[in-house]
Amino acid sequence: MTRLTIFELSDPVRRLADLAEHGPIERRLEAIGVRYERWAAPAVFADTASDADVLNGYSREVGRLKTEGGYQEADIVRLRRGAENAPELRAKFLDEHVHDEDEVRFFVEGRGAFYLRADSGVYRVICERGDLLGVPAGTRHWFDMGADPAFTAIRLFTNPSGWVARFTGDPVARRVPEIDG
């Protein structure tokens, strides 16, 4: 289930809100400049669909985003349950960082949590199948795919080299509950 939890960065960290309805989630995220949409997720995209099939299945939506946001490329990122490199990949994104361009993800299947720094708190968005999240360039954030991740997502880029993470060095991510916590 898609869920937005807002944490105040007090000592200890305090939960301020917990939302599970798409309309309120969209409005709260829009207020901090983050794009959130729900797309119809066709049932044809099973675990075995090719990257080309996934992109073709969402070509209308991806084309709209390319036009609206100036994105030039779209690709697929997948992680299968039980992947040997999952712990290393998870650790790579668990620290707060920023990018020089937007981070746009659509979850075709599976789930993951984006943590967004805004105001004096952290907005944790647990995205699932059918969720699109657009994190603006320069937004302090991190991503948790869980201890045994399994997901397929479409990523959109203006320039893939602009998506390189610049870590802030702030240990805030260690204070906020992980996706499974």
# chains A, B, ... in the order shown; residues from 1 in each chain; ligands from 1

call {"tool": "select_by_dssp", "arguments": {"residues": "stretch 94-136 of chain A", "states": "strand (DSSP E or B)", "output": "PyMOL selection string"}}
result
chain A and resi 97-98+103-118+121-128+131-135

call {"tool": "write_last_selection", "arguments": {"atoms": "C-alpha atoms", "output": "PDB file, in the first residue's frame"}}
result
ATOM      1  CA  HIS A  97      22.192  12.776  -1.124  1.00  0.00           C
ATOM      2  CA  VAL A  98      21.166  15.203  -3.884  1.00  0.00           C
ATOM      3  CA  GLU A 103      14.924  11.799  -9.924  1.00  0.00           C
ATOM      4  CA  VAL A 104      11.808  10.371 -11.559  1.00  0.00           C
ATOM      5  CA  ARG A 105      10.660   6.811 -10.887  1.00  0.00           C
ATOM      6  CA  PHE A 106       7.565   4.842 -11.811  1.00  0.00           C
ATOM      7  CA  PHE A 107       7.078   1.543  -9.972  1.00  0.00           C
ATOM      8  CA  VAL A 108       5.949  -1.134 -12.434  1.00  0.00           C
ATOM      9  CA  GLU A 109       6.075  -3.770  -9.700  1.00  0.00           C
ATOM     10  CA  GLY A 110       7.409  -4.141  -6.179  1.00  0.00           C
ATOM     11  CA  ARG A 111       8.029  -1.293  -3.774  1.00  0.00           C
ATOM     12  CA  GLY A 112      10.613   1.081  -2.327  1.00  0.00           C
ATOM     13  CA  ALA A 113      10.710   4.077   0.014  1.00  0.00           C
ATOM     14  CA  PHE A 114      11.886   7.574  -0.824  1.00  0.00           C
ATOM     15  CA  TYR A 115      12.794   9.800   2.119  1.00  0.00           C
ATOM     16  CA  LEU A 116      12.570  13.517   1.351  1.00  0.00           C
ATOM     17  CA  ARG A 117      13.936  16.300   3.554  1.00  0.00           C
ATOM     18  CA  ALA A 118      11.546  19.228   3.672  1.00  0.00           C
ATOM     19  CA  GLY A 121      11.160  16.943   8.835  1.00  0.00           C
ATOM     20  CA  VAL A 122      11.365  13.912   6.624  1.00  0.00           C
ATOM     21  CA  TYR A 123       8.625  12.689   4.303  1.00  0.00           C
ATOM     22  CA  ARG A 124       8.821   8.914   3.794  1.00  0.00           C
ATOM     23  CA  VAL A 125       6.906   7.801   0.701  1.00  0.00           C
ATOM     24  CA  ILE A 126       6.551   4.047   0.360  1.00  0.00           C
ATOM     25  CA  CYS A 127       5.888   3.628  -3.354  1.00  0.00           C
ATOM     26  CA  GLU A 128       4.322   0.521  -4.846  1.00  0.00           C
ATOM     27  CA  ASP A 131       3.198   5.013  -8.209  1.00  0.00           C
ATOM     28  CA  LEU A 132       5.202   7.742  -9.952  1.00  0.00           C
ATOM     29  CA  LEU A 133       7.418   9.990  -7.857  1.00  0.00           C
ATOM     30  CA  GLY A 134       9.336  12.995  -9.195  1.00  0.00           C
ATOM     31  CA  VAL A 135      11.958  14.353  -6.783  1.00  0.00           C
TER      32      VAL A 135
END

call {"tool": "residues_around", "arguments": {"residues": "stretch 88-90 of chain A", "least_positions_apart": "6", "cutoff": "9 Å", "atoms": "only C-alpha atoms", "output": "MDAnalysis selection string"}}
result
chainID A and resid 143:147 149

call {"tool": "atom_distance", "arguments": {"atom1": "atom CA of A:Gly82", "atom2": "atom CA of A:Glu178"}}
result
18.8 Å

call {"tool": "atom_distance", "arguments": {"atom1": "atom CA of A:Asp53", "atom2": "atom CA of A:Ala74"}}
result
12.9 Å

call {"tool": "select_by_dssp", "arguments": {"residues": "chain A", "states": "alpha helix (DSSP H)", "output": "mmCIF file with N, CA and C atoms, in the first residue's frame"}}
result
data_model
loop_
_atom_site.group_PDB
_atom_site.id
_atom_site.type_symbol
_atom_site.label_atom_id
_atom_site.label_comp_id
_atom_site.auth_asym_id
_atom_site.auth_seq_id
_atom_site.Cartn_x
_atom_site.Cartn_y
_atom_site.Cartn_z
ATOM 1 N N HIS A 22 -4.523 8.301 -1.796
ATOM 2 C CA HIS A 22 -3.738 8.943 -2.844
ATOM 3 C C HIS A 22 -3.940 10.454 -2.933
ATOM 4 N N GLY A 23 -5.173 10.936 -2.821
ATOM 5 C CA GLY A 23 -5.418 12.382 -2.903
ATOM 6 C C GLY A 23 -4.650 13.165 -1.845
ATOM 7 N N PRO A 24 -4.786 12.824 -0.566
ATOM 8 C CA PRO A 24 -4.022 13.530 0.468
ATOM 9 C C PRO A 24 -2.504 13.383 0.301
ATOM 10 N N ILE A 25 -2.043 12.222 -0.152
ATOM 11 C CA ILE A 25 -0.609 12.044 -0.383
ATOM 12 C C ILE A 25 -0.144 13.005 -1.470
ATOM 13 N N GLU A 26 -0.879 13.047 -2.577
ATOM 14 C CA GLU A 26 -0.512 13.931 -3.684
ATOM 15 C C GLU A 26 -0.465 15.388 -3.236
ATOM 16 N N ARG A 27 -1.451 15.833 -2.473
ATOM 17 C CA ARG A 27 -1.498 17.229 -2.019
ATOM 18 C C ARG A 27 -0.333 17.560 -1.075
ATOM 19 N N ARG A 28 -0.011 16.659 -0.142
ATOM 20 C CA ARG A 28 1.091 16.909 0.791
ATOM 21 C C ARG A 28 2.428 16.971 0.056
ATOM 22 N N LEU A 29 2.612 16.086 -0.918
ATOM 23 C CA LEU A 29 3.867 16.088 -1.671
ATOM 24 C C LEU A 29 3.960 17.297 -2.599
ATOM 25 N N GLU A 30 2.849 17.664 -3.215
ATOM 26 C CA GLU A 30 2.832 18.845 -4.081
ATOM 27 C C GLU A 30 3.224 20.089 -3.290
ATOM 28 N N ALA A 31 2.828 20.160 -2.032
ATOM 29 C CA ALA A 31 3.146 21.315 -1.183
ATOM 30 C C ALA A 31 4.650 21.467 -0.947
ATOM 31 N N ASP A 51 12.524 -5.395 -20.798
ATOM 32 C CA ASP A 51 12.588 -3.949 -20.593
ATOM 33 C C ASP A 51 11.839 -3.222 -21.701
ATOM 34 N N ALA A 52 12.033 -3.670 -22.950
ATOM 35 C CA ALA A 52 11.351 -3.044 -24.087
ATOM 36 C C ALA A 52 9.835 -3.170 -23.957
ATOM 37 N N ASP A 53 9.348 -4.322 -23.498
ATOM 38 C CA ASP A 53 7.905 -4.501 -23.316
ATOM 39 C C ASP A 53 7.365 -3.558 -22.240
ATOM 40 N N VAL A 54 8.104 -3.398 -21.169
ATOM 41 C CA VAL A 54 7.667 -2.502 -20.097
ATOM 42 C C VAL A 54 7.611 -1.063 -20.615
ATOM 43 N N LEU A 55 8.673 -0.612 -21.273
ATOM 44 C CA LEU A 55 8.686 0.760 -21.792
ATOM 45 C C LEU A 55 7.600 0.968 -22.842
ATOM 46 N N ASN A 56 7.382 -0.023 -23.684
ATOM 47 C CA ASN A 56 6.326 0.073 -24.691
ATOM 48 C C ASN A 56 4.947 0.151 -24.035
ATOM 49 N N GLY A 57 4.735 -0.614 -22.986
ATOM 50 C CA GLY A 57 3.454 -0.619 -22.293
ATOM 51 C C GLY A 57 3.106 0.719 -21.655
ATOM 52 N N SER A 59 4.429 3.710 -22.892
ATOM 53 C CA SER A 59 4.978 4.714 -23.814
ATOM 54 C C SER A 59 4.190 6.025 -23.799
ATOM 55 N N ARG A 60 2.876 5.956 -23.662
ATOM 56 C CA ARG A 60 2.068 7.185 -23.637
ATOM 57 C C ARG A 60 2.415 8.033 -22.429
ATOM 58 N N GLU A 61 2.451 7.409 -21.236
ATOM 59 C CA GLU A 61 2.748 8.141 -20.003
ATOM 60 C C GLU A 61 4.178 8.661 -19.997
ATOM 61 N N VAL A 62 5.119 7.826 -20.438
ATOM 62 C CA VAL A 62 6.526 8.238 -20.481
ATOM 63 C C VAL A 62 6.692 9.387 -21.471
ATOM 64 N N GLY A 63 6.035 9.296 -22.623
ATOM 65 C CA GLY A 63 6.092 10.378 -23.607
ATOM 66 C C GLY A 63 5.563 11.689 -23.052
ATOM 67 N N ARG A 64 4.471 11.620 -22.305
ATOM 68 C CA ARG A 64 3.912 12.824 -21.675
ATOM 69 C C ARG A 64 4.924 13.447 -20.717
ATOM 70 N N LEU A 65 5.554 12.610 -19.884
ATOM 71 C CA LEU A 65 6.548 13.134 -18.938
ATOM 72 C C LEU A 65 7.759 13.725 -19.647
ATOM 73 N N LYS A 66 8.190 13.084 -20.730
ATOM 74 C CA LYS A 66 9.319 13.621 -21.495
ATOM 75 C C LYS A 66 8.992 15.018 -22.021
ATOM 76 N N THR A 67 7.783 15.174 -22.522
ATOM 77 C CA THR A 67 7.366 16.481 -23.038
ATOM 78 C C THR A 67 7.262 17.506 -21.918
ATOM 79 N N GLU A 68 6.608 17.142 -20.830
ATOM 80 C CA GLU A 68 6.405 18.080 -19.719
ATOM 81 C C GLU A 68 7.692 18.441 -18.989
ATOM 82 N N GLY A 69 8.558 17.460 -18.794
ATOM 83 C CA GLY A 69 9.747 17.690 -17.972
ATOM 84 C C GLY A 69 11.043 17.825 -18.731
ATOM 85 N N ALA A 86 22.112 -7.320 -3.525
ATOM 86 C CA ALA A 86 21.097 -6.463 -2.902
ATOM 87 C C ALA A 86 21.621 -5.698 -1.683
ATOM 88 N N PRO A 87 22.344 -6.322 -0.756
ATOM 89 C CA PRO A 87 22.818 -5.555 0.407
ATOM 90 C C PRO A 87 23.716 -4.374 0.020
ATOM 91 N N GLU A 88 24.579 -4.566 -0.961
ATOM 92 C CA GLU A 88 25.460 -3.479 -1.401
ATOM 93 C C GLU A 88 24.665 -2.370 -2.085
ATOM 94 N N LEU A 89 23.719 -2.762 -2.938
ATOM 95 C CA LEU A 89 22.893 -1.762 -3.619
ATOM 96 C C LEU A 89 22.050 -0.983 -2.619
ATOM 97 N N ARG A 90 21.482 -1.671 -1.654
ATOM 98 C CA ARG A 90 20.672 -0.995 -0.647
ATOM 99 C C ARG A 90 21.514 0.017 0.119
ATOM 100 N N ALA A 91 22.683 -0.406 0.565
ATOM 101 C CA ALA A 91 23.563 0.474 1.348
ATOM 102 C C ALA A 91 23.971 1.714 0.554
ATOM 103 N N LYS A 92 24.122 1.576 -0.744
ATOM 104 C CA LYS A 92 24.556 2.682 -1.605
ATOM 105 C C LYS A 92 23.600 3.872 -1.547
ATOM 106 N N PHE A 93 22.314 3.599 -1.386
ATOM 107 C CA PHE A 93 21.318 4.669 -1.455
ATOM 108 C C PHE A 93 20.712 5.045 -0.097
#

call {"tool": "closest_residue", "arguments": {"among": "A:His99, A:Arg155, A:Arg81, A:Arg3", "to": "A:Pro136", "atoms": "only C-alpha atoms"}}
result
A:His99

call {"tool": "atom_distance", "arguments": {"atom1": "atom CA of A:Glu37", "atom2": "atom CA of A:Gly130"}}
result
8.2 Å

call {"tool": "closest_residue", "arguments": {"among": "A:Ile6, A:Glu21, A:Arg15, A:Glu101", "to": "A:Tyr71", "atoms": "only C-alpha atoms"}}
result
A:Glu101

call {"tool": "closest_residue", "arguments": {"among": "A:Asp95, A:Ala40, A:Arg80, A:Arg14", "to": "A:Arg129", "atoms": "only C-alpha atoms"}}
result
A:Ala40

call {"tool": "closest_residue", "arguments": {"among": "A:Val172, A:Ile32, A:Val13, A:Ala20", "to": "A:Asp119", "atoms": "only C-alpha atoms"}}
result
A:Ile32

call {"tool": "decode", "arguments": {"residues": "stretch 54-80 of chain A", "atoms": "C-alpha atoms", "output": "tab-separated table (two decimals), in the first residue's frame"}}
result
chain	number	residue	atom	x	y	z
A	54	VAL	CA	7.67	-2.50	-20.10
A	55	LEU	CA	8.69	0.76	-21.79
A	56	ASN	CA	6.33	0.07	-24.69
A	57	GLY	CA	3.45	-0.62	-22.29
A	58	TYR	CA	3.90	2.80	-20.69
A	59	SER	CA	4.98	4.71	-23.81
A	60	ARG	CA	2.07	7.19	-23.64
A	61	GLU	CA	2.75	8.14	-20.00
A	62	VAL	CA	6.53	8.24	-20.48
A	63	GLY	CA	6.09	10.38	-23.61
A	64	ARG	CA	3.91	12.82	-21.68
A	65	LEU	CA	6.55	13.13	-18.94
A	66	LYS	CA	9.32	13.62	-21.50
A	67	THR	CA	7.37	16.48	-23.04
A	68	GLU	CA	6.41	18.08	-19.72
A	69	GLY	CA	9.75	17.69	-17.97
A	70	GLY	CA	12.22	17.78	-20.84
A	71	TYR	CA	13.44	14.27	-20.07
A	72	GLN	CA	15.46	12.74	-22.89
A	73	GLU	CA	15.82	9.11	-21.85
A	74	ALA	CA	13.93	6.39	-20.02
A	75	ASP	CA	15.24	3.05	-18.85
A	76	ILE	CA	14.37	0.18	-16.55
A	77	VAL	CA	15.94	-0.72	-13.23
A	78	ARG	CA	15.15	-4.15	-11.74
A	79	LEU	CA	16.10	-6.02	-8.66
A	80	ARG	CA	14.97	-9.58	-8.13
